[in-house]
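Undergrad: Pasting run-v9.txt here (compact mmCIF, C-alpha atoms and all ligand atoms):
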```
# COMPACT_ATOMS: atom_id res chain seq x y z
CA MET G 218 27.45 -47.22 29.42
CA LEU G 219 25.76 -48.89 32.38
CA GLY G 220 27.14 -47.97 35.80
CA ARG G 221 26.23 -48.94 39.35
CA LEU G 222 22.86 -50.01 40.71
CA ASN G 223 21.67 -46.80 42.38
CA HIS G 224 18.47 -48.21 43.91
CA VAL G 225 15.67 -50.73 43.77
CA ALA G 226 12.23 -49.14 44.15
CA ILE G 227 9.30 -50.78 45.95
CA ALA G 228 5.81 -49.33 45.59
CA VAL G 229 3.87 -49.33 48.87
CA PRO G 230 0.32 -48.36 49.84
CA ASP G 231 1.40 -46.76 53.17
CA ILE G 232 4.89 -45.28 53.33
CA ALA G 233 4.77 -44.73 57.11
CA ALA G 234 3.91 -48.38 57.73
CA ALA G 235 6.52 -49.55 55.19
CA SER G 236 9.17 -47.27 56.72
CA ALA G 237 8.40 -48.74 60.14
CA VAL G 238 8.94 -52.27 58.79
CA TYR G 239 12.35 -51.33 57.38
CA ARG G 240 13.33 -49.32 60.48
CA ASP G 241 11.94 -51.49 63.28
CA THR G 242 11.78 -55.03 61.85
CA LEU G 243 14.78 -54.92 59.52
CA GLY G 244 16.85 -52.47 61.58
CA ALA G 245 17.59 -50.13 58.66
CA SER G 246 18.06 -46.38 58.69
CA VAL G 247 15.23 -44.73 56.76
CA THR G 248 15.18 -41.10 55.56
CA ALA G 249 12.27 -38.74 56.23
CA PRO G 250 9.51 -38.82 53.57
CA GLN G 251 10.06 -36.47 50.63
CA ALA G 252 7.10 -35.39 48.45
CA LEU G 253 7.88 -35.24 44.72
CA PRO G 254 4.64 -33.89 43.20
CA GLU G 255 6.15 -33.67 39.69
CA HIS G 256 6.72 -37.45 39.84
CA GLY G 257 3.43 -38.24 41.63
CA VAL G 258 5.15 -39.96 44.55
CA THR G 259 6.32 -39.58 48.12
CA VAL G 260 9.67 -41.33 48.65
CA VAL G 261 11.96 -42.49 51.43
CA PHE G 262 15.40 -44.00 50.94
CA ILE G 263 17.13 -46.75 52.85
CA ASP G 264 20.90 -46.66 52.41
CA LEU G 265 22.39 -50.15 52.34
CA GLY G 266 25.97 -49.04 51.67
CA ASN G 267 26.34 -50.70 48.27
CA THR G 268 22.94 -49.50 47.01
CA LYS G 269 19.63 -48.09 48.23
CA ILE G 270 16.02 -49.15 48.53
CA GLU G 271 13.47 -46.51 47.54
CA LEU G 272 9.95 -46.84 48.94
CA LEU G 273 7.29 -45.09 46.83
CA GLU G 274 3.78 -44.09 47.88
CA PRO G 275 1.36 -42.53 45.37
CA LEU G 276 0.92 -38.75 45.59
CA GLY G 277 -1.95 -37.12 43.67
CA ASP G 278 -2.30 -38.28 40.06
CA SER G 279 0.36 -40.95 40.35
CA PRO G 280 2.06 -43.25 37.82
CA ILE G 281 2.19 -45.94 40.53
CA ALA G 282 -1.57 -45.92 41.27
CA ALA G 283 -2.30 -48.54 38.59
CA PHE G 284 0.60 -50.68 39.81
CA LEU G 285 -0.79 -50.65 43.36
CA ALA G 286 -4.29 -51.41 42.08
CA LYS G 287 -2.82 -54.65 40.66
CA ASN G 288 -0.49 -55.22 43.63
CA PRO G 289 -2.40 -53.90 46.66
CA ALA G 290 0.20 -55.05 49.20
CA GLY G 291 2.96 -53.32 47.19
CA GLY G 292 5.76 -54.80 45.12
CA MET G 293 9.02 -54.23 43.30
CA HIS G 294 8.48 -51.36 40.88
CA HIS G 295 11.77 -50.45 39.16
CA VAL G 296 15.54 -50.67 39.24
CA CYS G 297 17.74 -47.59 38.79
CA TYR G 298 21.10 -47.76 37.05
CA GLU G 299 23.64 -44.94 36.93
CA VAL G 300 24.99 -43.64 33.63
CA ASP G 301 27.72 -41.03 33.10
CA ASP G 302 25.86 -39.11 30.39
CA ILE G 303 22.09 -39.48 30.34
CA ILE G 304 21.60 -37.80 26.95
CA ALA G 305 24.22 -40.03 25.30
CA ALA G 306 22.60 -43.06 26.98
CA ARG G 307 19.14 -42.04 25.76
CA ASP G 308 20.35 -41.50 22.22
CA ARG G 309 22.13 -44.85 22.14
CA LEU G 310 19.07 -46.67 23.52
CA THR G 311 16.55 -45.03 21.20
CA ALA G 312 18.84 -45.76 18.23
CA ALA G 313 18.74 -49.40 19.35
CA GLY G 314 14.92 -49.31 19.35
CA ALA G 315 14.29 -48.99 23.10
CA ARG G 316 11.39 -46.80 24.19
CA VAL G 317 11.87 -43.94 26.63
CA LEU G 318 8.75 -43.05 28.64
CA GLY G 319 7.19 -39.59 28.65
CA ASP G 320 8.47 -36.92 26.27
CA GLY G 321 11.95 -38.48 26.14
CA ASN G 322 13.59 -35.65 28.06
CA PRO G 323 15.18 -36.21 31.48
CA LYS G 324 13.37 -34.94 34.59
CA ILE G 325 15.06 -34.07 37.85
CA GLY G 326 14.71 -37.08 40.17
CA ALA G 327 14.71 -37.57 43.92
CA HIS G 328 18.47 -36.99 44.20
CA GLY G 329 18.45 -33.73 42.24
CA LYS G 330 19.92 -35.45 39.18
CA PRO G 331 18.41 -36.04 35.71
CA VAL G 332 16.49 -39.31 35.32
CA LEU G 333 14.70 -41.17 32.52
CA PHE G 334 12.49 -44.26 32.52
CA LEU G 335 12.66 -47.03 29.91
CA HIS G 336 9.73 -49.14 28.78
CA PRO G 337 9.53 -52.44 30.72
CA LYS G 338 8.60 -54.35 27.56
CA ASP G 339 12.06 -53.57 26.15
CA PHE G 340 13.87 -54.78 29.31
CA MET G 341 12.49 -58.20 30.20
CA GLY G 342 9.41 -56.90 31.97
CA THR G 343 11.31 -54.58 34.32
CA LEU G 344 10.84 -50.83 34.48
CA VAL G 345 14.34 -49.30 34.29
CA GLU G 346 15.27 -45.85 35.56
CA LEU G 347 18.51 -44.26 34.42
CA GLU G 348 20.08 -41.60 36.62
CA GLN G 349 23.01 -39.43 35.66
CA ALA G 350 25.84 -40.25 38.09
CO CO V 401 13.70 -44.54 41.34
```
Would it be possible to restate this file's structure as C-alpha cells?

TA:
Amino acid sequence: MLGRLNHVAIAVPDIAAASAVYRDTLGASVTAPQALPEHGVTVVFIDLGNTKIELLEPLGDSPIAAFLAKNPAGGMHHVCYEVDDIIAARDRLTAAGARVLGDGNPKIGAHGKPVLFLHPKDFMGTLVELEQA
C-alpha cells in the first residue's frame, strides 16, 4: 500500500526567512509561496530530486498555530507518503483501528491531489499525510 516519500514538512514562523535559508544558505531551489486557505497554510516546496521539503507557515485559523506555539523556532511537522488509491488506503487503515483526522474524506492538497492526515498517536508520534500518487 505504502509508496514513495513525497515530502517532509517543516512548520516555520516566517516562510520568507525560512525560504531564504534554504535558497541562500543551503543552495536549494525554492518555489514561490502558495496560499492554501482551505488548509490554513502558506507553502513552498524544495525539490531534492528523490523527495521534497515542504515549508509551512500558518495562514488564518491554522492547524499549525498550536504546533508553532510549542515550537516557536519551527520544527518537523509531518511526513507524506504516496498511495495508489487513497480511499482503499483509508478503508484499510480505519479497519485496522487507525484514526483519520477531520471528517475522514480526502481534501485536495498542495499538488492538486487528494490527501488525508492520520493521527500521530497511531504512528509513533508522527503526523502522517497520505497523498494519492
Ligand atoms: Co504535506

Undergrad: Determine, for each residue of stretch 304-338 of chain G having at least one atom at most 12 Å from an atom of stretch 260-265 of chain G, the closest pair of atoms and their separation in Å to one decimal, counting only C-alpha atoms; order by chain and ascending number, as a Markdown table.

TA:
```
| residue | atom | partner | partner_atom | distance |
| --- | --- | --- | --- | --- |
| G:Gly326 | CA | G:Val260 | CA | 10.7 |
| G:Ala327 | CA | G:Val260 | CA | 7.9 |
| G:His328 | CA | G:Phe262 | CA | 10.2 |
```

Undergrad: Which residue gives the smallest distance to G:Pro280 among G:Ala228, G:Ala252, G:Ile303, G:Ala312, with only C-alpha atoms counted?

TA: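 Checking each of G:Ala228, G:Ala252, G:Ile303, G:Ala312 against G:Pro280, counting only C-alpha atoms, the winner is G:Ala228.
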
Undergrad: Kindly indicate which residue among G:Asp320, G:Asp302, G:Glu271, G:Asp278 lies nearest to ligand CO 401 (chain V), using all atoms listed in the file for the distances.

TA: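 Under the stated criterion, the closest residue is G:Glu271.
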
Undergrad: Which residues are near G:Ser236? Cut-off 8 Å, only C-alpha atoms, ignore same chain within fewer than 3 positions. Put them as number ranges by chain.

TA: G: 232-233, 239-240, 247, 261, 272

Undergrad: If we count only C-alpha atoms, what is near G:Arg221 at a cut-off of 6 Å, once residues fewer than 2 positions away on the same chain are taken out, given as a list in words?

TA: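 Once the adjacent positions are removed, what remains is Asn223, Tyr298 and Glu299 of chain G.
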
Undergrad: Which polymer residues have any atom within 9 Å of an atom of G:Pro289, counting all atoms listed in the file, with same-chain residues fewer than 4 positions away left out, as a ChimeraX atom specification?

TA: /G:229-230,284-285

Undergrad: Listing only residues of chain G within 9 Å of ligand CO 401 (chain V), what is the closest atom pair and its distance in Å (to one decimal) for each, using all atoms listed in the file, sorted by chain and residue number ascending, as JSON lines?

TA:
```
{"residue": "G:Asn223", "atom": "CA", "partner": "V:CO401", "partner_atom": "CO", "distance": 8.3}
{"residue": "G:His224", "atom": "CA", "partner": "V:CO401", "partner_atom": "CO", "distance": 6.5}
{"residue": "G:Val225", "atom": "CA", "partner": "V:CO401", "partner_atom": "CO", "distance": 6.9}
{"residue": "G:Ala226", "atom": "CA", "partner": "V:CO401", "partner_atom": "CO", "distance": 5.6}
{"residue": "G:Ile227", "atom": "CA", "partner": "V:CO401", "partner_atom": "CO", "distance": 8.9}
{"residue": "G:Val260", "atom": "CA", "partner": "V:CO401", "partner_atom": "CO", "distance": 8.9}
{"residue": "G:Ile270", "atom": "CA", "partner": "V:CO401", "partner_atom": "CO", "distance": 8.9}
{"residue": "G:Glu271", "atom": "CA", "partner": "V:CO401", "partner_atom": "CO", "distance": 6.5}
{"residue": "G:Leu272", "atom": "CA", "partner": "V:CO401", "partner_atom": "CO", "distance": 8.8}
{"residue": "G:Leu273", "atom": "CA", "partner": "V:CO401", "partner_atom": "CO", "distance": 8.5}
{"residue": "G:His294", "atom": "CA", "partner": "V:CO401", "partner_atom": "CO", "distance": 8.6}
{"residue": "G:His295", "atom": "CA", "partner": "V:CO401", "partner_atom": "CO", "distance": 6.6}
{"residue": "G:Val296", "atom": "CA", "partner": "V:CO401", "partner_atom": "CO", "distance": 6.7}
{"residue": "G:Cys297", "atom": "CA", "partner": "V:CO401", "partner_atom": "CO", "distance": 5.7}
{"residue": "G:Gly326", "atom": "CA", "partner": "V:CO401", "partner_atom": "CO", "distance": 7.6}
{"residue": "G:Ala327", "atom": "CA", "partner": "V:CO401", "partner_atom": "CO", "distance": 7.5}
{"residue": "G:Val332", "atom": "CA", "partner": "V:CO401", "partner_atom": "CO", "distance": 8.4}
{"residue": "G:Phe334", "atom": "CA", "partner": "V:CO401", "partner_atom": "CO", "distance": 8.9}
{"residue": "G:Val345", "atom": "CA", "partner": "V:CO401", "partner_atom": "CO", "distance": 8.5}
{"residue": "G:Glu346", "atom": "CA", "partner": "V:CO401", "partner_atom": "CO", "distance": 6.1}
{"residue": "G:Leu347", "atom": "CA", "partner": "V:CO401", "partner_atom": "CO", "distance": 8.4}
{"residue": "G:Glu348", "atom": "CA", "partner": "V:CO401", "partner_atom": "CO", "distance": 8.5}
```

Undergrad: Rounded to one decimal in Å, what is the spacing between atom CA of G:Pro275 and atom CA of G:Leu318?

TA: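 Atom CA of G:Pro275 sits 18.3 Å away from atom CA of G:Leu318.
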
Undergrad: With distances taken over only C-alpha atoms, which residue among G:Ala249, G:Leu222, G:Ile304, G:Ala290 lies nearest G:Leu333?

TA: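 Residue with the minimum atom-to-atom distance to G:Leu333: G:Ile304.
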
Undergrad: When you count only C-alpha atoms, which of these residues is closest to G:His336: G:Gly314, G:Pro250, G:Gly266, G:Gly220?

TA: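 The closest residue to G:His336 is G:Gly314.
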
Undergrad: G:Glu274, G:Glu255, G:Asp339, G:Asp301: which is nearest G:Ala234, counting only C-alpha atoms?

TA: G:Glu274

Undergrad: May I ask for the distance between atom CA of G:Arg316 and atom CA of G:Gly329, given in Å to one decimal place?

TA: 23.4 Å

Undergrad: Of the residues G:Leu243, G:Ala286, G:Ala350, G:Ala235, which is the one nearest to G:Met218, using only C-alpha atoms?

TA: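 Ranked by minimum distance to G:Met218, first place goes to G:Ala350.
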
Undergrad: Fix up stretch 313-324 of chain G with all heavy atoms, then write it as a tab-separated table (two decimals), keeping the file's coordinate frame.

TA:
```
chain	number	residue	atom	x	y	z
G	313	ALA	N	18.83	-47.95	19.31
G	313	ALA	CA	18.74	-49.40	19.35
G	313	ALA	C	17.28	-49.88	19.38
G	313	ALA	O	17.03	-51.09	19.43
G	313	ALA	CB	19.49	-49.94	20.57
G	314	GLY	N	16.33	-48.93	19.40
G	314	GLY	CA	14.92	-49.31	19.35
G	314	GLY	C	14.22	-49.34	20.69
G	314	GLY	O	13.04	-49.67	20.78
G	315	ALA	N	14.92	-48.99	21.77
G	315	ALA	CA	14.29	-48.99	23.10
G	315	ALA	C	13.40	-47.75	23.24
G	315	ALA	O	13.69	-46.71	22.64
G	315	ALA	CB	15.35	-49.00	24.19
G	316	ARG	N	12.33	-47.91	23.99
G	316	ARG	CA	11.39	-46.80	24.19
G	316	ARG	C	11.65	-46.10	25.51
G	316	ARG	O	11.76	-46.73	26.55
G	316	ARG	CB	9.96	-47.33	24.16
G	316	ARG	CG	9.51	-47.76	22.78
G	316	ARG	CD	8.27	-48.60	22.82
G	316	ARG	NE	8.58	-49.97	23.23
G	316	ARG	CZ	7.67	-50.93	23.34
G	316	ARG	NH1	6.40	-50.69	23.08
G	316	ARG	NH2	8.03	-52.15	23.70
G	317	VAL	N	11.73	-44.77	25.43
G	317	VAL	CA	11.87	-43.94	26.63
G	317	VAL	C	10.47	-43.42	26.97
G	317	VAL	O	9.73	-42.98	26.08
G	317	VAL	CB	12.83	-42.76	26.36
G	317	VAL	CG1	12.88	-41.80	27.54
G	317	VAL	CG2	14.22	-43.28	26.02
G	318	LEU	N	10.09	-43.49	28.24
G	318	LEU	CA	8.75	-43.05	28.64
G	318	LEU	C	8.66	-41.53	28.67
G	318	LEU	O	9.67	-40.83	28.76
G	318	LEU	CB	8.39	-43.63	30.01
G	318	LEU	CG	8.38	-45.16	30.11
G	318	LEU	CD1	7.85	-45.61	31.48
G	318	LEU	CD2	7.54	-45.79	29.00
G	319	GLY	N	7.43	-41.04	28.60
G	319	GLY	CA	7.19	-39.59	28.65
G	319	GLY	C	7.64	-38.92	27.37
G	319	GLY	O	7.56	-39.51	26.29
G	320	ASP	N	8.10	-37.68	27.47
G	320	ASP	CA	8.47	-36.92	26.27
G	320	ASP	C	9.91	-37.19	25.84
G	320	ASP	O	10.40	-36.55	24.90
G	320	ASP	CB	8.21	-35.42	26.47
G	320	ASP	CG	9.11	-34.80	27.53
G	320	ASP	OD1	10.03	-35.50	28.04
G	320	ASP	OD2	8.90	-33.63	27.86
G	321	GLY	N	10.59	-38.11	26.54
G	321	GLY	CA	11.95	-38.48	26.14
G	321	GLY	C	13.03	-37.59	26.73
G	321	GLY	O	14.21	-37.86	26.55
G	322	ASN	N	12.60	-36.53	27.45
G	322	ASN	CA	13.59	-35.65	28.06
G	322	ASN	C	13.74	-35.97	29.54
G	322	ASN	O	12.75	-36.27	30.21
G	322	ASN	CB	13.17	-34.19	27.90
G	322	ASN	CG	13.22	-33.77	26.44
G	322	ASN	OD1	14.21	-34.02	25.75
G	322	ASN	ND2	12.14	-33.19	25.97
G	323	PRO	N	14.97	-35.92	30.07
G	323	PRO	CA	15.18	-36.21	31.48
G	323	PRO	C	14.41	-35.24	32.38
G	323	PRO	O	14.26	-34.07	32.05
G	323	PRO	CB	16.69	-36.04	31.67
G	323	PRO	CG	17.28	-36.13	30.30
G	323	PRO	CD	16.23	-35.63	29.36
G	324	LYS	N	13.94	-35.77	33.53
G	324	LYS	CA	13.37	-34.94	34.59
G	324	LYS	C	14.35	-35.00	35.76
G	324	LYS	O	15.14	-35.93	35.86
G	324	LYS	CB	12.03	-35.51	35.07
G	324	LYS	CG	10.86	-35.28	34.17
G	324	LYS	CD	9.60	-35.73	34.92
G	324	LYS	CE	8.36	-35.72	34.04
G	324	LYS	NZ	7.20	-36.26	34.76
```
